[in-house]
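Only one structure is covered here, and it is reproduced in the block below.
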Amino acid sequence: MLLCLSSNHGNASFELLEKLSFVAPEATAALVDSTAFVTGAVVLATCNRFEAYLDIDEPLTAATAVAVASTLSSLSEASGVPAAQLRASITVHEGPDVAAHLFAVTSGLESVVVGEDEIAGQVGRALDRARREGTTSRDLERLFQRATHTSRGVRNLTSIGGAGRSLVRLSLELASSRVADWSAARVLIIGTGQYAATTVAALRDKGARDLRVFSRTGRGPAFAAKHGLAHDHSFDVDVVIACTANTVIGPELFTGDGPRLVIDLGLPRNIDPSVSSVPGVELLDLETVRLHAPLEQLSEQAHDLVRTAAAVFTAEAEAEPAIVALRTHVFELLDAEIARARARGASDETESALRHLAGVLLHEPSVRARQFAAEGRLGEFVAALDALHGIRPVAPERKADTA
């Protein structure tokens, strides 16, 4: 059973999200270890959300409550935020709602800037991180891969796609009321990751030419060479844009005279709030950007696509026990036949041909099982399995209630 704990810009403060973002890199493994029946976890941490997607192997209400409590306890211990405060700022999605929520998130329908470009990539990187840490599961793999597929469909088939929406671009729109001529502005970018690369592209779309990069990681020269920037450590510029991780810039670097606009897109914060007290410095942070995010009336088609994709995903999950039962039955027969063929001197080519034939024969019934499930007719498919082959799919074994 899938579970999602979501803390985002709609139900939590940026201060809380910032605290959770500190523990994001280490949180996944701790979630899997928190209870015996949490078999997988993927953590999605962005500048406006922190979400834990869990795979629990007990579809019981009590088990869900235990998983939620254990997760809150783990996050509380790691972040220092009281569990009660976390619970008040977290929405829990269960079962079919998890797919609907993640598909909407990945399609940009739940973002501060609706339809933003970056979120699909962030979702993909969250899954990659879980793979490296060994915390993902088969069902979570299916969920996240289908989310990416759905987001592409939404962007290709609706007005959401191709609009170039992002927090970076919205921030630059807000900054344009303070920057008279982007082509003449000296801009310093703090960071060398994917978000920094996105920032470079957005700035050039605005007409900015004098772009420089600052990094404490040693990757600044390579990033500058790749993107045609200057590598600079001076903060004596017109605009500073921070978009990195684990870097905090204090007021001591802001020397010199003249007005400067500082845009902090980092979570955790990259810019110490005390920088705003430096004469001539104006600080634009995520909280300010969120207040100016446009409220758009989106095409109902985008939401329809997400709902349909979530319904199909749920139906396919319901059909899985029947498909597994059929495959198990066929493979048992196949292994017995291969053993007999080997005893008669059959070659590797014979075994390969038999396995290929089994795969071909299983393909169409598997497709039909999912189709029947999507149409609410899975019972007919299960009855046919019993009538034709004596196969009776069983639900996953439920462990004793630990609540």
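Note on naming: chains are A, B, ... as they come in the structure tokens, residues start from 1 per chain, ligands start from 1 in the order shown.
When DSSP reads the backbone of this structure, the residues of stretch 55-168 of chain A it assigns to strand (DSSP E) are Asp55, Ile56, Thr91, Val92, His93 and Glu94 of chain A.
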Next item on the list: Tell me, as a ChimeraX atom specification, which residues lie within 12 Å of A:Ser274, counting only C-alpha atoms; anything in the same chain fewer than 5 positions away does not count.
Entry: /A:248-254,262,269,279,281-283
Check: Which neighbours of A:Leu3 fall inside 10 Å, counting only C-alpha atoms, when residues of the same chain fewer than 6 positions from it are skipped, and could you give them as a ChimeraX atom specification?
Finding: /A:38,41,52-56,64,67-68,92-99
Would you mind listing what lies within 8 Å of stretch 357-374 of chain A as a PDB file with N, CA and C atoms, in the first residue's frame, with only C-alpha atoms counted and same-chain residues fewer than 3 positions away left out?
ATOM      1  N   ALA A 311      -6.373   6.869 -12.169  1.00  0.00           N
ATOM      2  CA  ALA A 311      -7.341   5.773 -12.149  1.00  0.00           C
ATOM      3  C   ALA A 311      -6.779   4.540 -12.845  1.00  0.00           C
ATOM      4  N   VAL A 312      -6.083   4.744 -13.961  1.00  0.00           N
ATOM      5  CA  VAL A 312      -5.481   3.621 -14.684  1.00  0.00           C
ATOM      6  C   VAL A 312      -4.390   2.971 -13.839  1.00  0.00           C
ATOM      7  N   ALA A 315      -6.013   0.896 -11.171  1.00  0.00           N
ATOM      8  CA  ALA A 315      -6.601  -0.321 -11.737  1.00  0.00           C
ATOM      9  C   ALA A 315      -5.524  -1.359 -12.034  1.00  0.00           C
ATOM     10  N   GLU A 316      -4.408  -0.906 -12.583  1.00  0.00           N
ATOM     11  CA  GLU A 316      -3.324  -1.833 -12.888  1.00  0.00           C
ATOM     12  C   GLU A 316      -2.792  -2.482 -11.609  1.00  0.00           C
ATOM     13  N   GLU A 318      -4.519  -3.091  -8.948  1.00  0.00           N
ATOM     14  CA  GLU A 318      -5.519  -4.075  -8.516  1.00  0.00           C
ATOM     15  C   GLU A 318      -5.425  -5.361  -9.333  1.00  0.00           C
ATOM     16  N   ALA A 319      -5.005  -5.242 -10.589  1.00  0.00           N
ATOM     17  CA  ALA A 319      -4.901  -6.421 -11.451  1.00  0.00           C
ATOM     18  C   ALA A 319      -3.626  -7.215 -11.196  1.00  0.00           C
ATOM     19  N   ALA A 322      -3.648 -10.980  -9.923  1.00  0.00           N
ATOM     20  CA  ALA A 322      -4.112 -11.936 -10.925  1.00  0.00           C
ATOM     21  C   ALA A 322      -3.033 -12.195 -11.969  1.00  0.00           C
ATOM     22  N   ILE A 323      -2.324 -11.134 -12.383  1.00  0.00           N
ATOM     23  CA  ILE A 323      -1.262 -11.292 -13.376  1.00  0.00           C
ATOM     24  C   ILE A 323      -0.118 -12.130 -12.798  1.00  0.00           C
ATOM     25  N   ARG A 327       1.279 -15.693 -14.218  1.00  0.00           N
ATOM     26  CA  ARG A 327       2.693 -15.841 -14.583  1.00  0.00           C
ATOM     27  C   ARG A 327       3.346 -16.965 -13.772  1.00  0.00           C
ATOM     28  N   VAL A 330       2.239 -20.301 -15.226  1.00  0.00           N
ATOM     29  CA  VAL A 330       2.883 -20.578 -16.509  1.00  0.00           C
ATOM     30  C   VAL A 330       4.362 -20.909 -16.319  1.00  0.00           C
ATOM     31  N   PHE A 331       5.041 -20.151 -15.453  1.00  0.00           N
ATOM     32  CA  PHE A 331       6.469 -20.397 -15.264  1.00  0.00           C
ATOM     33  C   PHE A 331       6.734 -21.740 -14.575  1.00  0.00           C
ATOM     34  N   LEU A 334       6.472 -24.074 -17.335  1.00  0.00           N
ATOM     35  CA  LEU A 334       7.622 -23.859 -18.219  1.00  0.00           C
ATOM     36  C   LEU A 334       8.878 -24.511 -17.653  1.00  0.00           C
ATOM     37  N   ALA A 353      13.954 -20.454 -26.653  1.00  0.00           N
ATOM     38  CA  ALA A 353      12.741 -20.400 -27.477  1.00  0.00           C
ATOM     39  C   ALA A 353      11.494 -20.635 -26.625  1.00  0.00           C
ATOM     40  N   LEU A 354      11.582 -21.561 -25.683  1.00  0.00           N
ATOM     41  CA  LEU A 354      10.436 -21.837 -24.811  1.00  0.00           C
ATOM     42  C   LEU A 354      10.120 -20.632 -23.922  1.00  0.00           C
ATOM     43  N   ARG A 377     -14.133  -4.577 -14.336  1.00  0.00           N
ATOM     44  CA  ARG A 377     -14.552  -5.945 -14.648  1.00  0.00           C
ATOM     45  C   ARG A 377     -13.485  -6.968 -14.259  1.00  0.00           C
ATOM     46  N   LEU A 378     -12.629  -6.623 -13.319  1.00  0.00           N
ATOM     47  CA  LEU A 378     -11.540  -7.521 -12.952  1.00  0.00           C
ATOM     48  C   LEU A 378     -12.079  -8.863 -12.462  1.00  0.00           C
ATOM     49  N   GLU A 380     -14.401 -10.615 -13.626  1.00  0.00           N
ATOM     50  CA  GLU A 380     -14.613 -11.519 -14.757  1.00  0.00           C
ATOM     51  C   GLU A 380     -13.310 -12.200 -15.151  1.00  0.00           C
ATOM     52  N   PHE A 381     -12.214 -11.436 -15.142  1.00  0.00           N
ATOM     53  CA  PHE A 381     -10.910 -12.003 -15.499  1.00  0.00           C
ATOM     54  C   PHE A 381     -10.485 -13.050 -14.475  1.00  0.00           C
TER      55      PHE A 381
END
Note to self: Can you tell me which residues surround A:Thr135 at a distance of at most 10 Å, considering only C-alpha atoms, apart from same-chain residues fewer than 3 positions away, and format the answer as a PyMOL selection string?
What the structure shows: chain A and resi 28-33+38-43+54-55+127+129-132+140
Next item on the list: Enter the distance from atom CA of A:Leu75 to atom CA of A:Ser89, in Å, rounded to one decimal.
Entry: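 Separating atom CA of A:Leu75 from atom CA of A:Ser89 is a distance of 12.5 Å.
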Check: Hey, what's within 9 Å of A:Asp285 if we count only C-alpha atoms and toss same-chain stuff fewer than 3 positions away? As a ChimeraX atom specification, please?
Finding: /A:171,262-266,269,271,288-290
Resulting file, chosen residues, C-alpha atoms, as a CSV table (one decimal), in the first residue's frame:
chain,number,residue,atom,x,y,z
A,171,SER,CA,11.5,36.0,-9.6
A,262,VAL,CA,19.6,40.0,-3.9
A,263,ILE,CA,17.3,37.1,-4.9
A,264,ASP,CA,17.4,34.0,-2.6
A,265,LEU,CA,15.9,30.9,-4.3
A,266,GLY,CA,17.6,28.5,-1.9
A,269,ARG,CA,18.3,29.7,2.7
A,271,ILE,CA,21.3,34.4,2.0
A,288,THR,CA,8.0,37.1,-1.2
A,289,VAL,CA,7.9,35.2,-4.5
A,290,ARG,CA,5.1,33.0,-3.3
Need to verify the contact set: A:Leu261, 10 Å, only C-alpha atoms, exclusion of same-chain residues closer than 5 positions in sequence. Can you return it as a PDB file with N, CA and C atoms, in the first residue's frame?
ATOM      1  N   ALA A 175      11.731  41.029 -10.318  1.00  0.00           N
ATOM      2  CA  ALA A 175      12.941  41.861 -10.264  1.00  0.00           C
ATOM      3  C   ALA A 175      12.967  42.911 -11.366  1.00  0.00           C
ATOM      4  N   ARG A 178      12.701  46.477 -10.742  1.00  0.00           N
ATOM      5  CA  ARG A 178      13.829  47.125 -10.064  1.00  0.00           C
ATOM      6  C   ARG A 178      15.069  47.208 -10.952  1.00  0.00           C
ATOM      7  N   VAL A 179      15.074  46.445 -12.054  1.00  0.00           N
ATOM      8  CA  VAL A 179      16.213  46.440 -12.975  1.00  0.00           C
ATOM      9  C   VAL A 179      15.773  47.124 -14.269  1.00  0.00           C
ATOM     10  N   VAL A 187      25.293  40.574 -13.123  1.00  0.00           N
ATOM     11  CA  VAL A 187      24.559  39.569 -12.352  1.00  0.00           C
ATOM     12  C   VAL A 187      25.515  38.480 -11.870  1.00  0.00           C
ATOM     13  N   VAL A 237      28.113  43.882  -7.555  1.00  0.00           N
ATOM     14  CA  VAL A 237      27.349  43.729  -8.791  1.00  0.00           C
ATOM     15  C   VAL A 237      25.979  44.367  -8.582  1.00  0.00           C
ATOM     16  N   ASP A 238      25.133  44.305  -9.610  1.00  0.00           N
ATOM     17  CA  ASP A 238      23.790  44.886  -9.504  1.00  0.00           C
ATOM     18  C   ASP A 238      22.769  43.886  -8.969  1.00  0.00           C
ATOM     19  N   VAL A 239      22.908  42.612  -9.357  1.00  0.00           N
ATOM     20  CA  VAL A 239      21.956  41.577  -8.952  1.00  0.00           C
ATOM     21  C   VAL A 239      22.725  40.334  -8.509  1.00  0.00           C
ATOM     22  N   VAL A 240      22.306  39.765  -7.381  1.00  0.00           N
ATOM     23  CA  VAL A 240      22.852  38.497  -6.904  1.00  0.00           C
ATOM     24  C   VAL A 240      21.698  37.496  -6.846  1.00  0.00           C
ATOM     25  N   ILE A 241      21.886  36.331  -7.460  1.00  0.00           N
ATOM     26  CA  ILE A 241      20.857  35.290  -7.426  1.00  0.00           C
ATOM     27  C   ILE A 241      21.472  34.034  -6.819  1.00  0.00           C
ATOM     28  N   SER A 276      19.726  42.032   4.385  1.00  0.00           N
ATOM     29  CA  SER A 276      18.792  43.111   4.029  1.00  0.00           C
ATOM     30  C   SER A 276      19.050  44.392   4.809  1.00  0.00           C
ATOM     31  N   GLY A 280      21.524  49.840   0.848  1.00  0.00           N
ATOM     32  CA  GLY A 280      21.431  49.686  -0.596  1.00  0.00           C
ATOM     33  C   GLY A 280      21.058  48.296  -1.059  1.00  0.00           C
ATOM     34  N   VAL A 281      20.929  47.323  -0.131  1.00  0.00           N
ATOM     35  CA  VAL A 281      20.610  45.948  -0.513  1.00  0.00           C
ATOM     36  C   VAL A 281      19.131  45.659  -0.287  1.00  0.00           C
ATOM     37  N   GLU A 282      18.463  45.125  -1.316  1.00  0.00           N
ATOM     38  CA  GLU A 282      17.076  44.703  -1.196  1.00  0.00           C
ATOM     39  C   GLU A 282      17.024  43.192  -1.391  1.00  0.00           C
ATOM     40  N   LEU A 283      16.389  42.485  -0.456  1.00  0.00           N
ATOM     41  CA  LEU A 283      16.349  41.029  -0.486  1.00  0.00           C
ATOM     42  C   LEU A 283      14.980  40.537  -0.942  1.00  0.00           C
ATOM     43  N   LEU A 284      14.987  39.680  -1.952  1.00  0.00           N
ATOM     44  CA  LEU A 284      13.771  39.051  -2.467  1.00  0.00           C
ATOM     45  C   LEU A 284      13.913  37.553  -2.219  1.00  0.00           C
TER      46      LEU A 284
END
Margin query: I need the residues in stretch 63-269 of chain A that are helix (DSSP H, G or I) according to DSSP; give them as JSON, numbers by chain.
Written below: {"A": [63, 64, 65, 66, 67, 68, 69, 70, 71, 72, 73, 74, 75, 76, 77, 78, 79, 83, 84, 85, 86, 87, 88, 96, 97, 98, 99, 100, 101, 102, 103, 104, 105, 106, 119, 120, 121, 122, 123, 124, 125, 126, 127, 128, 129, 130, 131, 132, 133, 138, 139, 140, 141, 142, 143, 144, 145, 146, 147, 148, 149, 150, 151, 152, 153, 154, 155, 156, 157, 167, 168, 169, 170, 171, 172, 173, 174, 175, 182, 183, 184, 194, 195, 196, 197, 198, 199, 200, 201, 202, 203, 204, 205, 220, 221, 222, 223, 224, 225, 226, 227, 251, 252, 253]}
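Between atom CA of A:Asp181 and atom CA of A:Arg169 lies a distance of 16.1 Å.
Among A:Glu26, A:Gly218, A:Asp205, A:Arg152, the residue with the shortest atom-to-atom distance to A:Glu133, counting only C-alpha atoms, is A:Glu26.
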Next item on the list: Check the smallest atom-to-atom distance from each of A:His303, A:Arg392, A:Arg87, A:Arg342 to A:Val324 using only C-alpha atoms, then report the winner.
Entry: A:Arg392
Check: For A:Ala63, which residue among A:Leu2, A:His9, A:Pro259, A:Val105 is the nearest when counting only C-alpha atoms?
Finding: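 Answer, going by the shortest atom-to-atom distance: A:Leu2.
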Checklist line | Nearest to A:Ala120, chosen from A:Thr46, A:Cys4, A:Gln85, A:Arg138, with only C-alpha atoms counted in the distances | finding: A:Thr46
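Take atom CA of A:Val168 and atom CA of A:Leu5: the distance between them is 26.3 Å.
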Item checked: Minimum-distance residue to A:Leu167, chosen among A:Leu229, A:Val154, A:Ala208, A:Cys47 (using only C-alpha atoms) -> A:Cys47
